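K.L.:
Sharing a structure, written as structure tokens. Questions coming.
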Amino acid sequence: MSTLFPILFEKAVPPGIEQAKNIISPMEEAELIRAIDIAGLEPFRFQQWEGKRLTRSFGWRYDFTDSSFAQVEALPDWLLPLRERAAEFAGLAAEALVQALVIRYDPGAGIGWHRDRPVFEHVVGVSLGAPAVLRLRRRRADGKFDRAELPLEPRGAYHLSGEARHAWEHSITPMDAARWSVTFRSLAS
Ligand SMILES: O=C(O)CCC(=O)C(=O)O
Ligand SMILES: [Fe+2]
């Protein structure tokens with residue numbers, strides 16, 4: 001049993017996670033989904049492997065096929081009000097969130113265990129469409145994992161920083177219904 005989470009540690013979330021409900025209205029959610037669907041998303045690629053989720057980066061792009069990191073097309077106007085809302089929630093300056101990654105998860109698509117690339121610092125995600133669960137895990141000295149779960153409600157936001165962002169991995173189990181996300185990130189200094 002973990003000393004960090006003596007009670008119900010499987011459900012407790014690690015330090016560095018904050019959540020907000022309903023940072024946008026259902027109408028704004030529908031408009032964002034429409035905009036994402038015509039934003040030219042492509043299947044996520046990692047070397048030879050092609051994921052089922054569709055993605056597009058704005059501002060900066062980390063390319064998993066060759067590990068390159070480069071400036072790309074600026075955030076489109078339709079993402080700027082959402083960035084304001086996300087930054088306000090996270091207590092960050094909107095201009096600090098220089099990257100936006102938009103993702104569409106169709107049924108069967110998820111995201112495997114990972115930590116976000118160290119070129120980034122703050123991670124502020126907004127969920128649209130079907131609810132999902134962000135799973136978190138961190139390997140303990142005994143080789144087993146501490147685990148936590150974060151329910152992601154549509155129109156809600158989460159902020160990963162500190163321990164949750166740097167020491168824990170996260171993943172989303174393949175979805176049963178379509179979900180979209182917009183993840184804003186600041187650069188590591
Ligand atoms: O869809 C999400 O909310 C999570 C996406 C994610 O973990 C990532 O792109 O690194
Ligand atoms: Fe991530």
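Labeling convention for the structure tokens: chains A, B, ... as they appear, residues from 1 per chain, ligands from 1 in order of appearance.
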Wanna dump the chain A-ligand 1 contacts at 6 Å for me, each residue with its shortest atom pair and the distance in Å to one decimal, counting only C-alpha atoms and all ligand atoms, ordered by chain and number, as CSV?
P.N.:
```
residue,atom,partner,partner_atom_place_in_ligand_line,distance
A:Asp116,CA,ligand 1,10 (O),5.2
A:Gly125,CA,ligand 1,3 (O),5.4
A:Ser181,CA,ligand 1,1 (O),4.8
```
K.L.:
Excluding Leu152 in chain A and residues on its chain fewer than 5 positions from it, collect all residues at most 6 Å away from it, counting only C-alpha atoms, and give them as a PyMOL selection string.
P.N.:
chain A and resi 131-133
K.L.:
Using C-alpha atoms, can you write the selected residues to a file as a PDB file, in the first residue's frame?
P.N.:
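Below is the file that was written, again_17.pdb:
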```pdb
ATOM      1  CA  PRO A 131     -16.786  11.615 -21.478  1.00  0.00           C
ATOM      2  CA  ALA A 132     -13.532   9.727 -20.909  1.00  0.00           C
ATOM      3  CA  VAL A 133     -11.214   8.757 -18.094  1.00  0.00           C
TER       4      VAL A 133
END
```
K.L.:
Report as a VMD selection string all protein, DNA and RNA residues lying within 7 Å of Ala20 in chain A, evaluated on only C-alpha atoms, omitting residues in the same chain fewer than 4 positions from it.
P.N.:
chain A and resid 156 to 158
K.L.:
Identify which of the residues A:Val72, A:Val98, A:Val182, A:Ala148 lies closest to Val124 in chain A, counting only C-alpha atoms when measuring atom-to-atom distances.
P.N.:
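Of A:Val72, A:Val98, A:Val182, A:Ala148, the one nearest Val124 in chain A, counting only C-alpha atoms, is A:Val182.
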K.L.:
Grab me every residue within 7 Å of ligand 2, counting only C-alpha atoms and all ligand atoms, and send it over as an MDAnalysis selection string.
P.N.:
chainID A and resid 114:116 170
K.L.:
Any chance you could tabulate, as JSON lines, the residues of range 121-172 of chain A at most 10 Å from range 13-17 of chain A with each one's nearest atom pair and distance in Å to one decimal, using only C-alpha atoms, in chain and rising number order?
P.N.:
```
{"residue": "A:Val123", "atom": "CA", "partner": "A:Ile17", "partner_atom": "CA", "distance": 10.0}
{"residue": "A:Val124", "atom": "CA", "partner": "A:Ile17", "partner_atom": "CA", "distance": 9.9}
{"residue": "A:Arg135", "atom": "CA", "partner": "A:Val13", "partner_atom": "CA", "distance": 9.8}
{"residue": "A:Leu136", "atom": "CA", "partner": "A:Val13", "partner_atom": "CA", "distance": 8.2}
{"residue": "A:Arg137", "atom": "CA", "partner": "A:Pro14", "partner_atom": "CA", "distance": 9.5}
{"residue": "A:Arg138", "atom": "CA", "partner": "A:Pro14", "partner_atom": "CA", "distance": 9.7}
{"residue": "A:Asp146", "atom": "CA", "partner": "A:Pro14", "partner_atom": "CA", "distance": 9.6}
{"residue": "A:Arg147", "atom": "CA", "partner": "A:Val13", "partner_atom": "CA", "distance": 8.3}
{"residue": "A:Ala148", "atom": "CA", "partner": "A:Val13", "partner_atom": "CA", "distance": 5.4}
{"residue": "A:Glu149", "atom": "CA", "partner": "A:Val13", "partner_atom": "CA", "distance": 6.8}
{"residue": "A:Leu150", "atom": "CA", "partner": "A:Val13", "partner_atom": "CA", "distance": 7.2}
{"residue": "A:Tyr158", "atom": "CA", "partner": "A:Ile17", "partner_atom": "CA", "distance": 7.0}
{"residue": "A:His159", "atom": "CA", "partner": "A:Ile17", "partner_atom": "CA", "distance": 5.6}
{"residue": "A:Leu160", "atom": "CA", "partner": "A:Ile17", "partner_atom": "CA", "distance": 5.0}
{"residue": "A:Ser161", "atom": "CA", "partner": "A:Gly16", "partner_atom": "CA", "distance": 4.8}
{"residue": "A:Gly162", "atom": "CA", "partner": "A:Gly16", "partner_atom": "CA", "distance": 5.0}
{"residue": "A:Glu163", "atom": "CA", "partner": "A:Gly16", "partner_atom": "CA", "distance": 5.6}
{"residue": "A:Ala164", "atom": "CA", "partner": "A:Gly16", "partner_atom": "CA", "distance": 5.0}
{"residue": "A:Arg165", "atom": "CA", "partner": "A:Gly16", "partner_atom": "CA", "distance": 6.9}
{"residue": "A:His166", "atom": "CA", "partner": "A:Gly16", "partner_atom": "CA", "distance": 9.3}
{"residue": "A:Ala167", "atom": "CA", "partner": "A:Pro14", "partner_atom": "CA", "distance": 9.6}
{"residue": "A:Trp168", "atom": "CA", "partner": "A:Pro14", "partner_atom": "CA", "distance": 8.3}
```
K.L.:
Can those selected residues be exported to a file as a PDB file, in the first residue's frame so that it contains C-alpha atoms?
P.N.:
```
ATOM      1  CA  VAL A 123      -0.427  21.013 -20.058  1.00  0.00           C
ATOM      2  CA  VAL A 124      -4.017  22.304 -20.109  1.00  0.00           C
ATOM      3  CA  ARG A 135      -5.703   7.086 -16.285  1.00  0.00           C
ATOM      4  CA  LEU A 136      -2.502   7.916 -14.422  1.00  0.00           C
ATOM      5  CA  ARG A 137       0.263   5.668 -13.164  1.00  0.00           C
ATOM      6  CA  ARG A 138       3.690   5.927 -11.576  1.00  0.00           C
ATOM      7  CA  ASP A 146       0.505   3.663  -8.063  1.00  0.00           C
ATOM      8  CA  ARG A 147      -2.593   4.436 -10.094  1.00  0.00           C
ATOM      9  CA  ALA A 148      -5.172   7.186 -10.273  1.00  0.00           C
ATOM     10  CA  GLU A 149      -8.091   8.086 -12.504  1.00  0.00           C
ATOM     11  CA  LEU A 150      -9.354  11.468 -13.608  1.00  0.00           C
ATOM     12  CA  TYR A 158      -7.714  19.801 -16.627  1.00  0.00           C
ATOM     13  CA  HIS A 159      -4.279  21.202 -15.835  1.00  0.00           C
ATOM     14  CA  LEU A 160      -1.271  18.932 -15.410  1.00  0.00           C
ATOM     15  CA  SER A 161       1.801  20.440 -13.787  1.00  0.00           C
ATOM     16  CA  GLY A 162       4.455  19.504 -11.246  1.00  0.00           C
ATOM     17  CA  GLU A 163       4.459  15.907 -10.060  1.00  0.00           C
ATOM     18  CA  ALA A 164       1.406  14.781 -12.039  1.00  0.00           C
ATOM     19  CA  ARG A 165       2.895  16.154 -15.234  1.00  0.00           C
ATOM     20  CA  HIS A 166       6.539  15.114 -14.727  1.00  0.00           C
ATOM     21  CA  ALA A 167       6.522  11.961 -12.604  1.00  0.00           C
ATOM     22  CA  TRP A 168       3.313  10.240 -13.703  1.00  0.00           C
TER      23      TRP A 168
END
```
K.L.:
Check range 51-184 of chain A with DSSP on the backbone and list each residue it calls strand (DSSP E or B), as a ChimeraX atom specification.
P.N.:
/A:51-58,60-63,68-71,99-105,111-114,120-129,132-139,145-152,157-160,169-172,179-184
K.L.:
Neighbouring residues of Ile23 in chain A were defined as those with any atom within 12 Å, considering only C-alpha atoms; residues of the same chain fewer than 5 positions away were excluded. Please report them as a list in words.
P.N.:
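Counting only C-alpha atoms, the residues come to Glu28, Glu29, Pro81, Leu82, Arg83, Glu84, Arg85, Ala86, Ala87, Glu88, Phe89, Ala90, Gly125, Val126, Ser127, Leu128, Glu153, Pro154, Arg155, Gly156, Ala157 and Tyr158 of chain A.
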K.L.:
List the neighbours of range 39-54 of chain A out to 10 Å using only C-alpha atoms; skip same-chain residues closer than 5 positions along the sequence, and give me the result as number ranges by chain.
P.N.:
A: 33-34, 63-67, 76, 102-112, 174, 179-180
K.L.:
Taking only C-alpha atoms into account, name the residue in A:Leu101, A:Ala70, A:Ile38, A:His122 that is nearest to Glu18 in chain A.
P.N.:
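The answer is A:His122, which sits nearest to Glu18 in chain A.
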K.L.:
List every residue of range 58-102 of chain A that DSSP, applied to the backbone of this structure, places in alpha helix (DSSP H), and write the result as a list in words.
P.N.:
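So, restricting range 58-102 of chain A to alpha helix (DSSP H), we get Leu80, Pro81, Leu82, Arg83, Glu84, Arg85, Ala86, Ala87, Glu88, Phe89 and Ala90 of chain A.
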K.L.:
If I take CA of Ala12 in chain A and CA of Lys144 in chain A, how far is one from the other in Å, to one decimal?
P.N.:
16.8 Å
K.L.:
Would you work out the distance separating CA of Trp60 in chain A from CA of Ala177 in chain A, expressed in Å to one decimal?
P.N.:
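So the answer is 28.6 Å.
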K.L.:
Please determine, counting only C-alpha atoms, which residue among A:Leu92, A:Glu121, A:Phe184, A:Trp113 has the shortest atom-to-atom distance to Glu169 in chain A.
P.N.:
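Of all the options, A:Trp113 lies closest to Glu169 in chain A.
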K.L.:
Which residue out of A:Tyr62, A:Ile24, A:Gln19, A:Thr183 has the minimum interatomic distance to Leu75 in chain A when only C-alpha atoms are used?
P.N.:
A:Thr183
K.L.:
Could you give me, as a ChimeraX atom specification, the residues within 10 Å of Ala188 in chain A, counting only C-alpha atoms and dropping anything in the same chain fewer than 3 positions from it?
P.N.:
/A:117-122,185
